[in-house]
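**Q** Hey, dropping run-v5.cif in here, mmCIF, C-alpha atoms:
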data_target
loop_
_atom_site.group_PDB
_atom_site.id
_atom_site.type_symbol
_atom_site.label_atom_id
_atom_site.label_comp_id
_atom_site.auth_asym_id
_atom_site.auth_seq_id
_atom_site.Cartn_x
_atom_site.Cartn_y
_atom_site.Cartn_z
ATOM 1 C CA MET A 1 18.595 -3.010 74.285
ATOM 2 C CA ASP A 2 18.673 -6.761 74.660
ATOM 3 C CA GLY A 3 22.243 -7.137 73.449
ATOM 4 C CA SER A 4 21.385 -9.532 70.623
ATOM 5 C CA THR A 5 22.641 -7.209 67.906
ATOM 6 C CA MET A 6 26.088 -6.963 69.387
ATOM 7 C CA ARG A 7 26.463 -10.629 70.277
ATOM 8 C CA ASP A 8 25.368 -11.743 66.812
ATOM 9 C CA ALA A 9 27.927 -9.472 65.158
ATOM 10 C CA ASN A 10 31.536 -10.308 64.440
ATOM 11 C CA ASP A 11 33.649 -9.096 67.350
ATOM 12 C CA THR A 12 36.622 -8.438 65.044
ATOM 13 C CA PRO A 13 36.601 -4.991 63.395
ATOM 14 C CA THR A 14 37.461 -4.613 59.724
ATOM 15 C CA PRO A 15 41.000 -3.347 58.983
ATOM 16 C CA GLY A 16 39.816 0.207 58.320
ATOM 17 C CA SER A 17 37.663 0.211 61.422
ATOM 18 C CA LYS A 18 40.591 -0.973 63.534
ATOM 19 C CA ASP A 19 42.515 2.175 62.628
ATOM 20 C CA VAL A 20 39.586 4.390 63.579
ATOM 21 C CA LEU A 21 38.986 2.511 66.822
ATOM 22 C CA ALA A 22 42.659 2.923 67.725
ATOM 23 C CA ARG A 23 42.319 6.702 67.290
ATOM 24 C CA LEU A 24 39.215 6.670 69.453
ATOM 25 C CA GLU A 25 41.029 4.777 72.217
ATOM 26 C CA THR A 26 43.696 7.496 72.268
ATOM 27 C CA TYR A 27 40.943 10.096 72.466
ATOM 28 C CA TYR A 28 39.075 8.289 75.249
ATOM 29 C CA ASP A 29 42.253 8.158 77.294
ATOM 30 C CA ALA A 30 43.134 11.816 76.709
ATOM 31 C CA VAL A 31 39.857 13.643 77.364
ATOM 32 C CA PRO A 32 39.331 12.873 81.068
ATOM 33 C CA ARG A 33 42.918 13.822 81.874
ATOM 34 C CA PHE A 34 42.071 17.515 81.413
ATOM 35 C CA SER A 35 39.987 17.457 84.605
ATOM 36 C CA ALA A 36 40.922 14.221 86.365
ATOM 37 C CA THR A 37 43.863 12.414 87.860
ATOM 38 C CA THR A 38 44.532 8.783 86.993
ATOM 39 C CA GLU A 39 45.127 5.645 89.016
ATOM 40 C CA GLU A 40 46.327 2.372 87.562
ATOM 41 C CA HIS A 41 44.582 -0.722 88.921
ATOM 42 C CA GLY A 42 45.819 -3.814 87.116
ATOM 43 C CA PRO A 43 44.467 -3.682 83.544
ATOM 44 C CA PHE A 44 42.326 -0.608 84.298
ATOM 45 C CA THR A 45 42.852 3.139 84.403
ATOM 46 C CA LEU A 46 40.566 4.850 86.898
ATOM 47 C CA PHE A 47 39.911 8.534 86.216
ATOM 48 C CA VAL A 48 39.299 10.528 89.391
ATOM 49 C CA ARG A 49 37.788 13.963 88.963
ATOM 50 C CA THR A 50 39.518 17.046 90.294
ATOM 51 C CA GLY A 51 37.267 19.813 91.598
ATOM 52 C CA GLN A 52 33.572 19.907 90.747
ATOM 53 C CA GLY A 53 31.790 18.621 87.689
ATOM 54 C CA TRP A 54 30.886 15.135 86.590
ATOM 55 C CA HIS A 55 32.475 11.959 87.885
ATOM 56 C CA TYR A 56 34.475 9.696 85.598
ATOM 57 C CA TYR A 57 34.864 5.926 85.325
ATOM 58 C CA GLY A 58 37.245 3.043 84.842
ATOM 59 C CA ARG A 59 38.492 2.121 81.356
ATOM 60 C CA PRO A 60 40.802 -0.559 79.993
ATOM 61 C CA THR A 61 44.354 0.814 79.963
ATOM 62 C CA PRO A 62 45.518 1.394 76.357
ATOM 63 C CA GLY A 63 48.150 -1.149 75.442
ATOM 64 C CA GLY A 64 47.317 -3.204 78.512
ATOM 65 C CA PRO A 65 47.264 -7.002 78.698
ATOM 66 C CA GLY A 66 43.673 -7.294 77.497
ATOM 67 C CA VAL A 67 42.908 -9.956 80.090
ATOM 68 C CA PHE A 68 40.344 -9.139 82.780
ATOM 69 C CA THR A 69 38.989 -10.988 85.781
ATOM 70 C CA ALA A 70 36.090 -10.303 88.098
ATOM 71 C CA ALA A 71 38.662 -9.664 90.839
ATOM 72 C CA ASP A 72 40.220 -6.876 88.720
ATOM 73 C CA VAL A 73 36.800 -5.265 88.360
ATOM 74 C CA GLU A 74 36.040 -5.613 92.071
ATOM 75 C CA ARG A 75 39.272 -3.856 93.043
ATOM 76 C CA VAL A 76 38.319 -0.841 90.932
ATOM 77 C CA ARG A 77 34.786 -0.827 92.331
ATOM 78 C CA ALA A 78 36.140 -0.866 95.879
ATOM 79 C CA ARG A 79 38.300 2.153 95.101
ATOM 80 C CA GLN A 80 35.354 3.952 93.502
ATOM 81 C CA ARG A 81 33.281 3.409 96.629
ATOM 82 C CA GLU A 82 36.175 4.648 98.755
ATOM 83 C CA ILE A 83 36.397 7.974 96.924
ATOM 84 C CA GLY A 84 32.637 8.410 96.482
ATOM 85 C CA ALA A 85 32.659 7.917 92.699
ATOM 86 C CA PRO A 86 30.046 5.931 90.772
ATOM 87 C CA GLU A 87 30.921 2.273 90.243
ATOM 88 C CA SER A 88 31.032 2.587 86.474
ATOM 89 C CA PHE A 89 33.140 1.411 83.548
ATOM 90 C CA GLU A 90 33.174 2.423 79.893
ATOM 91 C CA TRP A 91 34.769 0.689 76.923
ATOM 92 C CA VAL A 92 34.299 -0.313 73.273
ATOM 93 C CA HIS A 93 33.282 -3.927 72.846
ATOM 94 C CA GLU A 94 35.097 -4.528 69.566
ATOM 95 C CA THR A 95 38.331 -3.109 71.010
ATOM 96 C CA THR A 96 38.124 -4.999 74.320
ATOM 97 C CA PRO A 97 35.796 -7.971 73.725
ATOM 98 C CA GLY A 98 36.961 -9.900 76.798
ATOM 99 C CA LEU A 99 35.888 -7.332 79.372
ATOM 100 C CA ARG A 100 32.132 -7.771 79.353
ATOM 101 C CA ALA A 101 32.104 -11.206 80.965
ATOM 102 C CA ALA A 102 34.358 -10.068 83.828
ATOM 103 C CA VAL A 103 32.205 -7.005 84.469
ATOM 104 C CA GLU A 104 28.937 -8.913 84.434
ATOM 105 C CA ALA A 105 30.380 -11.512 86.795
ATOM 106 C CA THR A 106 30.512 -8.795 89.475
ATOM 107 C CA GLY A 107 26.809 -7.998 89.123
ATOM 108 C CA LEU A 108 27.114 -4.800 87.103
ATOM 109 C CA GLU A 109 24.569 -4.149 84.362
ATOM 110 C CA VAL A 110 25.940 -3.458 80.885
ATOM 111 C CA HIS A 111 24.229 -0.969 78.559
ATOM 112 C CA GLU A 112 24.902 -0.972 74.820
ATOM 113 C CA HIS A 113 25.105 2.143 72.662
ATOM 114 C CA PRO A 114 25.740 2.291 68.914
ATOM 115 C CA LEU A 115 29.111 3.920 68.234
ATOM 116 C CA LEU A 116 29.088 5.992 65.045
ATOM 117 C CA VAL A 117 31.801 7.882 63.184
ATOM 118 C CA LEU A 118 32.005 10.412 60.378
ATOM 119 C CA ASP A 119 35.120 10.897 58.276
ATOM 120 C CA LEU A 120 35.408 14.615 57.527
ATOM 121 C CA ASP A 121 37.812 14.178 54.607
ATOM 122 C CA GLU A 122 34.725 13.727 52.421
ATOM 123 C CA PRO A 123 31.793 16.162 51.976
ATOM 124 C CA SER A 124 28.963 15.294 54.325
ATOM 125 C CA PRO A 125 25.451 14.427 53.109
ATOM 126 C CA ALA A 126 24.279 17.355 55.228
ATOM 127 C CA GLN A 127 26.229 19.756 53.022
ATOM 128 C CA ALA A 128 24.712 18.325 49.852
ATOM 129 C CA THR A 129 21.207 18.429 51.305
ATOM 130 C CA THR A 130 21.583 22.087 52.243
ATOM 131 C CA ALA A 131 22.964 23.012 48.844
ATOM 132 C CA ASP A 132 20.211 21.201 46.974
ATOM 133 C CA ALA A 133 17.452 22.693 49.089
ATOM 134 C CA GLY A 134 18.163 26.234 47.961
ATOM 135 C CA ALA A 135 17.831 29.594 49.665
ATOM 136 C CA GLU A 136 14.102 29.287 50.360
ATOM 137 C CA ALA A 137 14.583 26.205 52.536
ATOM 138 C CA ALA A 138 17.406 27.895 54.414
ATOM 139 C CA VAL A 139 15.053 30.702 55.465
ATOM 140 C CA ASP A 140 12.869 28.174 57.308
ATOM 141 C CA GLU A 141 15.741 26.580 59.192
ATOM 142 C CA PRO A 142 16.324 27.669 62.794
ATOM 143 C CA GLU A 143 19.284 29.806 63.679
ATOM 144 C CA VAL A 144 22.195 27.812 65.097
ATOM 145 C CA ARG A 145 24.703 29.678 67.210
ATOM 146 C CA VAL A 146 28.068 28.627 68.617
ATOM 147 C CA LEU A 147 28.113 30.144 72.098
ATOM 148 C CA ALA A 148 30.928 32.211 73.555
ATOM 149 C CA PRO A 149 31.750 31.887 77.280
ATOM 150 C CA ASP A 150 29.809 35.077 78.036
ATOM 151 C CA ASP A 151 26.857 34.430 75.734
ATOM 152 C CA PRO A 152 23.581 35.188 77.569
ATOM 153 C CA LEU A 153 22.119 31.941 76.193
ATOM 154 C CA LEU A 154 24.813 29.845 77.863
ATOM 155 C CA PRO A 155 22.929 29.043 81.118
ATOM 156 C CA ALA A 156 19.814 27.910 79.269
ATOM 157 C CA ALA A 157 21.840 25.863 76.767
ATOM 158 C CA VAL A 158 23.613 24.117 79.641
ATOM 159 C CA MET A 159 20.412 23.302 81.519
ATOM 160 C CA LEU A 160 18.413 22.192 78.473
ATOM 161 C CA PRO A 161 19.865 18.627 78.319
ATOM 162 C CA HIS A 162 18.758 17.977 81.905
ATOM 163 C CA LEU A 163 15.141 18.479 80.838
ATOM 164 C CA ALA A 164 15.584 16.464 77.661
ATOM 165 C CA PHE A 165 17.278 13.467 79.259
ATOM 166 C CA ALA A 166 14.623 13.366 81.994
ATOM 167 C CA GLU A 167 12.178 12.520 79.179
ATOM 168 C CA ALA A 168 14.320 10.011 77.317
ATOM 169 C CA GLY A 169 13.634 8.880 73.781
ATOM 170 C CA THR A 170 12.545 10.655 70.634
ATOM 171 C CA ARG A 171 8.825 11.112 71.307
ATOM 172 C CA VAL A 172 7.361 14.557 71.830
ATOM 173 C CA GLY A 173 7.298 15.282 75.554
ATOM 174 C CA THR A 174 6.063 17.903 77.961
ATOM 175 C CA ALA A 175 9.009 20.128 78.955
ATOM 176 C CA GLY A 176 9.177 23.247 76.826
ATOM 177 C CA PRO A 177 10.353 26.864 76.986
ATOM 178 C CA GLU A 178 8.529 27.620 80.258
ATOM 179 C CA GLN A 179 10.127 24.673 82.018
ATOM 180 C CA LEU A 180 13.529 25.656 80.649
ATOM 181 C CA ALA A 181 13.143 29.191 81.987
ATOM 182 C CA GLU A 182 12.287 27.727 85.373
ATOM 183 C CA ALA A 183 15.295 25.395 85.286
ATOM 184 C CA VAL A 184 17.618 28.319 84.554
ATOM 185 C CA ARG A 185 16.476 29.921 87.812
ATOM 186 C CA GLY A 186 17.519 26.795 89.746
ATOM 187 C CA PRO A 187 20.338 26.716 92.308
ATOM 188 C CA ASP A 188 22.766 24.663 90.189
ATOM 189 C CA THR A 189 22.681 26.766 87.051
ATOM 190 C CA GLU A 190 25.352 29.308 87.894
ATOM 191 C CA ALA A 191 27.985 26.712 88.774
ATOM 192 C CA ALA A 192 27.169 24.543 85.753
ATOM 193 C CA ALA A 193 27.338 27.529 83.412
ATOM 194 C CA ALA A 194 30.657 28.614 84.928
ATOM 195 C CA ARG A 195 32.147 25.146 84.368
ATOM 196 C CA MET A 196 31.001 25.173 80.761
ATOM 197 C CA ALA A 197 32.366 28.682 80.222
ATOM 198 C CA GLY A 198 35.723 27.477 81.509
ATOM 199 C CA ARG A 199 35.731 24.526 79.112
ATOM 200 C CA ILE A 200 34.837 26.781 76.183
ATOM 201 C CA THR A 201 37.603 29.220 77.088
ATOM 202 C CA ALA A 202 40.110 26.358 77.319
ATOM 203 C CA GLY A 203 39.069 25.047 73.894
ATOM 204 C CA ARG A 204 37.879 21.719 75.292
ATOM 205 C CA THR A 205 34.207 22.127 74.416
ATOM 206 C CA VAL A 206 32.295 23.819 71.607
ATOM 207 C CA LEU A 207 28.679 24.459 72.654
ATOM 208 C CA ALA A 208 26.023 25.306 70.081
ATOM 209 C CA ALA A 209 22.289 25.925 70.316
ATOM 210 C CA THR A 210 19.348 26.331 67.988
ATOM 211 C CA VAL A 211 17.483 29.530 68.787
ATOM 212 C CA GLY A 212 13.703 29.862 68.794
ATOM 213 C CA PRO A 213 11.583 32.869 67.772
ATOM 214 C CA ASP A 214 11.667 34.145 71.360
ATOM 215 C CA GLY A 215 15.466 34.146 71.368
ATOM 216 C CA ALA A 216 15.776 31.192 73.761
ATOM 217 C CA PRO A 217 17.516 27.869 73.019
ATOM 218 C CA THR A 218 15.347 25.094 71.633
ATOM 219 C CA ALA A 219 18.121 22.495 71.342
ATOM 220 C CA SER A 220 21.761 22.361 72.377
ATOM 221 C CA GLY A 221 24.793 20.131 71.961
ATOM 222 C CA CYS A 222 28.578 20.043 72.048
ATOM 223 C CA HIS A 223 31.617 18.686 70.348
ATOM 224 C CA GLN A 224 34.840 18.161 72.269
ATOM 225 C CA PRO A 225 37.962 18.328 70.096
ATOM 226 C CA VAL A 226 41.327 16.802 70.898
ATOM 227 C CA GLY A 227 43.658 17.191 67.947
ATOM 228 C CA GLU A 228 41.994 15.844 64.821
ATOM 229 C CA VAL A 229 39.299 13.870 66.673
ATOM 230 C CA SER A 230 36.162 15.211 68.333
ATOM 231 C CA GLU A 231 33.193 13.628 70.069
ATOM 232 C CA ILE A 232 29.673 15.012 69.757
ATOM 233 C CA VAL A 233 27.938 14.858 73.128
ATOM 234 C CA ALA A 234 24.780 15.987 74.911
ATOM 235 C CA VAL A 235 22.729 16.802 71.804
ATOM 236 C CA ALA A 236 19.272 17.470 73.211
ATOM 237 C CA THR A 237 16.004 19.044 72.087
ATOM 238 C CA LEU A 238 13.367 20.417 74.435
ATOM 239 C CA PRO A 239 10.924 17.488 74.647
ATOM 240 C CA ALA A 240 7.917 19.589 73.638
ATOM 241 C CA LEU A 241 9.730 20.649 70.443
ATOM 242 C CA ARG A 242 10.920 17.248 69.221
ATOM 243 C CA ARG A 243 10.393 15.924 65.705
ATOM 244 C CA ARG A 244 11.004 19.299 64.086
ATOM 245 C CA GLY A 245 14.493 18.509 62.803
ATOM 246 C CA LEU A 246 16.237 20.575 65.468
ATOM 247 C CA ALA A 247 18.686 17.861 66.571
ATOM 248 C CA ARG A 248 19.562 17.065 62.973
ATOM 249 C CA ARG A 249 20.152 20.728 62.179
ATOM 250 C CA LEU A 250 22.257 21.177 65.309
ATOM 251 C CA THR A 251 24.345 18.056 64.659
ATOM 252 C CA SER A 252 25.074 19.141 61.094
ATOM 253 C CA HIS A 253 26.239 22.514 62.396
ATOM 254 C CA LEU A 254 28.537 20.904 64.963
ATOM 255 C CA VAL A 255 30.000 18.661 62.262
ATOM 256 C CA GLU A 256 30.704 21.587 59.973
ATOM 257 C CA HIS A 257 32.231 23.577 62.827
ATOM 258 C CA ALA A 258 34.515 20.635 63.598
ATOM 259 C CA ARG A 259 35.470 20.345 59.935
ATOM 260 C CA ALA A 260 36.280 24.057 59.711
ATOM 261 C CA THR A 261 38.521 23.910 62.772
ATOM 262 C CA GLY A 262 40.717 21.041 61.598
ATOM 263 C CA VAL A 263 38.941 17.972 62.979
ATOM 264 C CA ARG A 264 39.152 14.965 60.660
ATOM 265 C CA THR A 265 37.130 12.363 62.583
ATOM 266 C CA VAL A 266 33.930 13.009 64.508
ATOM 267 C CA PHE A 267 32.257 10.289 66.547
ATOM 268 C CA LEU A 268 29.424 9.816 69.023
ATOM 269 C CA SER A 269 27.587 7.202 71.043
ATOM 270 C CA ALA A 270 23.842 7.087 70.417
ATOM 271 C CA SER A 271 21.456 6.183 73.215
ATOM 272 C CA ASP A 272 19.618 3.607 71.079
ATOM 273 C CA ASP A 273 18.895 2.477 67.529
ATOM 274 C CA ALA A 274 16.263 5.165 66.922
ATOM 275 C CA VAL A 275 18.693 7.936 67.824
ATOM 276 C CA ALA A 276 21.429 6.237 65.801
ATOM 277 C CA ARG A 277 19.242 6.471 62.701
ATOM 278 C CA LEU A 278 19.021 10.246 63.180
ATOM 279 C CA TYR A 279 22.794 10.510 63.084
ATOM 280 C CA GLU A 280 23.040 8.154 60.127
ATOM 281 C CA SER A 281 20.816 10.608 58.244
ATOM 282 C CA VAL A 282 23.572 13.241 58.468
ATOM 283 C CA GLY A 283 26.325 10.904 57.311
ATOM 284 C CA PHE A 284 27.490 8.964 60.371
ATOM 285 C CA ARG A 285 28.101 5.222 60.065
ATOM 286 C CA ARG A 286 28.040 2.568 62.756
ATOM 287 C CA ILE A 287 31.446 1.184 63.537
ATOM 288 C CA ALA A 288 31.165 -0.557 66.908
ATOM 289 C CA THR A 289 29.285 -0.753 70.210
ATOM 290 C CA ALA A 290 30.119 1.439 73.191
ATOM 291 C CA LEU A 291 29.416 -0.215 76.527
ATOM 292 C CA ILE A 292 28.689 1.347 79.913
ATOM 293 C CA ALA A 293 28.527 -0.790 83.059
ATOM 294 C CA GLU A 294 26.963 0.333 86.306
ATOM 295 C CA PRO A 295 25.039 -1.170 89.223
ATOM 296 C CA PRO A 296 21.517 -2.325 88.327
ATOM 297 C CA THR A 297 18.742 0.179 88.902
ATOM 298 C CA GLU A 298 16.667 -0.707 91.924
ATOM 299 C CA GLY A 299 12.930 -1.219 91.609
#
Show how you would write the structure in this file as structure tokens.
**A**
Amino acid sequence: MDGSTMRDANDTPTPGSKDVLARLETYYDAVPRFSATTEEHGPFTLFVRTGQGWHYYGRPTPGGPGVFTAADVERVRARQREIGAPESFEWVHETTPGLRAAVEATGLEVHEHPLLVLDLDEPSPAQATTADAGAEAAVDEPEVRVLAPDDPLLPAAVMLPHLAFAEAGTRVGTAGPEQLAEAVRGPDTEAAAARMAGRITAGRTVLAATVGPDGAPTASGCHQPVGEVSEIVAVATLPALRRRGLARRLTSHLVEHARATGVRTVFLSASDDAVARLYESVGFRRIATALIAEPPTEG
């Protein structure tokens, strides 16, 4: 993105949006703490992973001063280099509008992602669409399964996003079921599947997959509940099977699972405007812009 959409918008959220964004800030601060320690560096909280799995990032400390300098950012980056973590930061522009300038002053590149929410106190458009379509349409829809820790589809569902994100965007790509089967045989699959199984057992992640005629996953995705808020993450379709409604079907299923288990607010960050429109089609609305800062890509 070129950033024009965000900079042209009003940086001040509406009153209703402010309440939602406050809930999201509490969520953002809580989720990494399940598998990370924290360090306070001026106005930032740095999450440092414990054990294996993905690295975390720096975020503005909730309730902090809201004033940031390039020197503050550089101190966090130095600590990230020291511990071997990526030099990355994540935040919501409308919640912390003063941070971007300080981050960019250190040479980091800022990426914008539409932030969308869905209030589950109201019926979702997805429910109405399914009801209106009738039983015949339901027969044509792919099976969607929430996976248990010992589900035999778990390894493939975990590896599927790696193939999808390697071919970014929404266009039909090349990786399909054969490539997924090959990826499952890779050296990292067992450890990744074990980490996911642990998160499912602990109630931190709900993993679902659409299942093809051969019984293998064709799309997968998660929601991660904390109290009454959950984030939908890593929704991915095998590139060769895109544009068949699989991601939409999967997202609707994750939303309804969240609703049934007591979640009241679901949110997600879309990779770009095209992906955001997919989520808007199942009832999500844009509320803000999520920002991720990292060193510029070489080349």
**Q** Restricting the calculation to all atoms listed in the file: of A:Ala71, A:Val206, A:Ala276, A:Ile83, which residue gets closest to Thr106 of chain A?
**A**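 Counting all atoms listed in the file, the residue closest to Thr106 of chain A is A:Ala71.
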**Q** Of the candidates A:Leu46, A:Ala240, A:Ala192, A:Val146, which shows the shortest atom-to-atom distance to Ala175 of chain A, using all atoms listed in the file?
**A**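 Comparing A:Leu46, A:Ala240, A:Ala192, A:Val146 against Ala175 of chain A, the winner is A:Ala240.
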**Q** I'd like the residues picked by the PyMOL selection byres ((chain A and resi 225) around 9) written out as an MDAnalysis selection string, using the chain letters and numbers from the file.
**A** chainID A and resid 31 203:206 223:224 226:232 258 263 266
**Q** Let me know the centre plus edge lengths, in Å and rounded to one decimal, of a box with edges along x, y and z that contains all listed atoms of segment 64-67 of chain A and is padded by 8 Å on every side, as AutoDock Vina command-line options.
**A**
--center_x 45.1 --center_y -6.6 --center_z 78.8 --size_x 20.4 --size_y 22.8 --size_z 18.6
**Q** Would you write out, as a list of chain:residue names, every residue that the PyMOL selection byres ((chain A and resi 42) around 9) captures in this file?
**A** A:Glu40, A:His41, A:Pro43, A:Phe44, A:Thr45, A:Thr61, A:Gly64, A:Phe68, A:Asp72, A:Arg75, A:Val76
**Q** Kindly export the residues of the current selection with C-alpha atoms, as a PDB file, keeping the file's coordinate frame.
**A**
ATOM      1  CA  GLU A  40      46.327   2.372  87.562  1.00  0.00           C
ATOM      2  CA  HIS A  41      44.582  -0.722  88.921  1.00  0.00           C
ATOM      3  CA  PRO A  43      44.467  -3.682  83.544  1.00  0.00           C
ATOM      4  CA  PHE A  44      42.326  -0.608  84.298  1.00  0.00           C
ATOM      5  CA  THR A  45      42.852   3.139  84.403  1.00  0.00           C
ATOM      6  CA  THR A  61      44.354   0.814  79.963  1.00  0.00           C
ATOM      7  CA  GLY A  64      47.317  -3.204  78.512  1.00  0.00           C
ATOM      8  CA  PHE A  68      40.344  -9.139  82.780  1.00  0.00           C
ATOM      9  CA  ASP A  72      40.220  -6.876  88.720  1.00  0.00           C
ATOM     10  CA  ARG A  75      39.272  -3.856  93.043  1.00  0.00           C
ATOM     11  CA  VAL A  76      38.319  -0.841  90.932  1.00  0.00           C
TER      12      VAL A  76
END
**Q** Could you tell me which of A:Ile292, A:Ala102, A:Val184, A:Ala168 comes closest to Phe89 of chain A if we count only C-alpha atoms?
**A**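 Of A:Ile292, A:Ala102, A:Val184, A:Ala168, the one nearest Phe89 of chain A, counting only C-alpha atoms, is A:Ile292.
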**Q** Given the file above and the PyMOL selection byres ((chain A and resi 281-286) around 9), which residues are selected, and can you give them as an mmCIF file with C-alpha atoms, keeping the file's coordinate frame?
**A**
data_model
loop_
_atom_site.group_PDB
_atom_site.id
_atom_site.type_symbol
_atom_site.label_atom_id
_atom_site.label_comp_id
_atom_site.auth_asym_id
_atom_site.auth_seq_id
_atom_site.Cartn_x
_atom_site.Cartn_y
_atom_site.Cartn_z
ATOM 1 C CA PRO A 114 25.740 2.291 68.914
ATOM 2 C CA LEU A 115 29.111 3.920 68.234
ATOM 3 C CA LEU A 116 29.088 5.992 65.045
ATOM 4 C CA VAL A 117 31.801 7.882 63.184
ATOM 5 C CA LEU A 118 32.005 10.412 60.378
ATOM 6 C CA ASP A 119 35.120 10.897 58.276
ATOM 7 C CA SER A 124 28.963 15.294 54.325
ATOM 8 C CA PRO A 125 25.451 14.427 53.109
ATOM 9 C CA ALA A 126 24.279 17.355 55.228
ATOM 10 C CA GLN A 127 26.229 19.756 53.022
ATOM 11 C CA ARG A 248 19.562 17.065 62.973
ATOM 12 C CA THR A 251 24.345 18.056 64.659
ATOM 13 C CA SER A 252 25.074 19.141 61.094
ATOM 14 C CA VAL A 266 33.930 13.009 64.508
ATOM 15 C CA PHE A 267 32.257 10.289 66.547
ATOM 16 C CA LEU A 268 29.424 9.816 69.023
ATOM 17 C CA ALA A 276 21.429 6.237 65.801
ATOM 18 C CA ARG A 277 19.242 6.471 62.701
ATOM 19 C CA LEU A 278 19.021 10.246 63.180
ATOM 20 C CA TYR A 279 22.794 10.510 63.084
ATOM 21 C CA GLU A 280 23.040 8.154 60.127
ATOM 22 C CA ILE A 287 31.446 1.184 63.537
ATOM 23 C CA ALA A 288 31.165 -0.557 66.908
ATOM 24 C CA THR A 289 29.285 -0.753 70.210
#
